[in-house]
$ cat model-v5.cif   # mmCIF, C-alpha atoms and all ligand atoms
data_coords
#
loop_
_atom_site.group_PDB
_atom_site.id
_atom_site.type_symbol
_atom_site.label_atom_id
_atom_site.label_comp_id
_atom_site.auth_asym_id
_atom_site.auth_seq_id
_atom_site.Cartn_x
_atom_site.Cartn_y
_atom_site.Cartn_z
ATOM 1 C CA MET A 198 144.087 242.534 164.983
ATOM 2 C CA LYS A 199 143.202 246.208 165.221
ATOM 3 C CA ASN A 200 142.221 248.057 162.059
ATOM 4 C CA ASP A 201 144.506 250.904 163.023
ATOM 5 C CA CYS A 202 147.491 248.592 162.898
ATOM 6 C CA VAL A 203 146.595 247.356 159.441
ATOM 7 C CA LYS A 204 146.176 250.935 158.230
ATOM 8 C CA CYS A 205 149.464 251.828 159.796
ATOM 9 C CA PHE A 206 151.291 248.952 158.114
ATOM 10 C CA GLN A 207 149.812 249.732 154.740
ATOM 11 C CA ARG A 208 151.539 253.104 154.838
ATOM 12 C CA ILE A 209 154.685 252.215 156.686
ATOM 13 C CA SER A 210 156.957 251.963 153.655
ATOM 14 C CA GLU A 211 155.907 255.415 152.460
ATOM 15 C CA TYR A 212 156.268 256.660 155.992
ATOM 16 C CA LEU A 213 159.835 255.383 156.230
ATOM 17 C CA ASP A 214 160.631 256.775 152.782
ATOM 18 C CA GLY A 215 159.336 260.178 153.875
ATOM 19 C CA GLU A 216 156.741 260.218 151.113
ATOM 20 C CA LEU A 217 153.653 260.901 153.202
ATOM 21 C CA GLU A 218 151.916 264.199 153.808
ATOM 22 C CA ASP A 219 152.461 265.729 157.215
ATOM 23 C CA LYS A 220 148.931 264.880 158.279
ATOM 24 C CA THR A 221 149.223 261.184 157.454
ATOM 25 C CA CYS A 222 152.686 261.052 158.923
ATOM 26 C CA HIS A 223 151.302 262.502 162.118
ATOM 27 C CA GLU A 224 148.538 259.893 162.248
ATOM 28 C CA ILE A 225 151.123 257.149 162.076
ATOM 29 C CA ASP A 226 153.264 258.831 164.718
ATOM 30 C CA GLU A 227 150.188 258.951 166.912
ATOM 31 C CA HIS A 228 149.466 255.278 166.369
ATOM 32 C CA LEU A 229 153.060 254.286 167.049
ATOM 33 C CA ARG A 230 152.964 256.150 170.311
ATOM 34 C CA GLN A 231 150.017 254.071 171.441
ATOM 35 C CA CYS A 232 150.912 250.731 169.928
ATOM 36 C CA ALA A 233 154.053 248.975 171.163
ATOM 37 C CA GLU A 234 153.717 246.202 168.605
ATOM 38 C CA CYS A 235 153.832 248.537 165.608
ATOM 39 C CA ARG A 236 156.524 250.655 167.211
ATOM 40 C CA GLU A 237 158.741 247.646 167.631
ATOM 41 C CA TYR A 238 158.205 246.625 164.046
ATOM 42 C CA VAL A 239 158.929 250.103 162.685
ATOM 43 C CA ASP A 240 162.071 250.286 164.805
ATOM 44 C CA SER A 241 163.357 247.026 163.404
ATOM 45 C CA LEU A 242 162.576 248.162 159.858
ATOM 46 C CA ARG A 243 164.434 251.412 160.448
ATOM 47 C CA LYS A 244 167.447 249.512 161.693
ATOM 48 C CA THR A 245 167.345 247.254 158.677
ATOM 49 C CA ILE A 246 167.224 250.265 156.380
ATOM 50 C CA GLN A 247 170.186 251.828 158.149
ATOM 51 C CA LEU A 248 172.154 248.611 157.917
ATOM 52 C CA CYS A 249 171.408 248.318 154.224
ATOM 53 C CA LYS A 250 172.439 251.868 153.438
ATOM 54 C CA GLY A 251 175.874 251.784 151.921
ATOM 55 C CA THR A 252 175.646 248.096 151.085
ATOM 56 C CA ALA A 253 172.916 246.648 148.884
ATOM 57 C CA MET A 254 171.252 249.928 148.038
ATOM 58 C CA GLU A 255 169.564 248.680 144.904
ATOM 59 C CA GLN A 256 168.012 245.629 146.460
ATOM 60 C CA MET A 257 167.081 247.028 149.817
ATOM 61 C CA PRO A 258 163.804 248.805 149.022
ATOM 62 C CA ILE A 259 162.359 245.739 147.325
ATOM 63 C CA ASP A 260 163.280 243.584 150.269
ATOM 64 C CA ILE A 261 161.756 246.013 152.751
ATOM 65 C CA HIS A 262 158.551 246.294 150.760
ATOM 66 C CA ASP A 263 158.256 242.517 150.583
ATOM 67 C CA ARG A 264 158.685 242.263 154.312
ATOM 68 C CA ILE A 265 156.014 244.862 154.896
ATOM 69 C CA ARG A 266 153.649 243.111 152.538
ATOM 70 C CA SER A 267 154.103 239.783 154.264
ATOM 71 C CA LYS A 268 153.689 241.446 157.653
ATOM 72 C CA ILE A 269 150.396 242.980 156.528
ATOM 73 C CA LEU A 270 149.189 239.598 155.298
ATOM 74 C CA GLU A 271 150.211 238.051 158.585
ATOM 75 C CA LEU A 272 148.286 240.711 160.504
ATOM 76 C CA LEU A 273 145.212 240.342 158.334
ATOM 77 C CA CYS A 274 145.163 236.603 158.908
ATOM 78 C CA MET A 275 145.259 236.841 162.684
HETATM 79 ZN ZN ZN B 1 149.490 249.033 165.889
#
$ encode --input "model-v5.cif" --output "structure tokens"
Amino acid sequence: MKNDCVKCFQRISEYLDGELEDKTCHEIDEHLRQCAECREYVDSLRKTIQLCKGTAMEQMPIDIHDRIRSKILELLCM
């Protein structure tokens, strides 16, 4: 597993929440451009977030963060 991917995943929830500085955001954008695996994962997270909007708004962020955490663990164990 590439270190860049792990770094990317560690920030992905903040990235999707729009909480990152422009510079960091740009770094992730850059990585996603080069890495199909991360791009695919971010896309599926985005879709999940969109689906959850308007339904289980309270529970959604926790669920997403759990998924990201388990994905990071999975990547680190590879
Ligand atoms: Zn990656």
$ closest_residue --input "model-v5.cif" --among "A:Cys232, A:Asp226, A:Leu242, A:Lys199" --to "A:His262" --atoms "all atoms listed in the file"
A:Leu242
$ residues_near_ligand --input "model-v5.cif" --ligand "ligand ZN 1 (chain B)" --cutoff "9 Å" --atoms "all atoms listed in the file" --output "number ranges by chain"
A: 198-206, 228-229, 231-236
$ resolve_selection --input "model-v5.cif" --expression "the PyMOL selection byres (((chain A and resi 243) around 12) and not hetatm)" --output "PyMOL selection string"
chain A and resi 209-210+212-214+236-242+244-250+257-258+261
$ atom_distance --input "model-v5.cif" --atom1 "atom CA of A:Lys220" --atom2 "atom CA of A:Leu272"
24.3 Å
$ atom_distance --input "model-v5.cif" --atom1 "atom CA of A:Ser267" --atom2 "atom CA of A:Glu224"
22.3 Å
$ atom_distance --input "model-v5.cif" --atom1 "atom CA of A:Arg266" --atom2 "atom CA of A:Gln207"
8.0 Å
$ axis_aligned_box --input "model-v5.cif" --around "stretch 205-211 of chain A" --padding-each-side "6 Å" --output "lines of an AutoDock Vina configuration file"
center_x = 153.2
center_y = 252.2
center_z = 156.1
size_x = 19.5
size_y = 18.5
size_z = 19.3
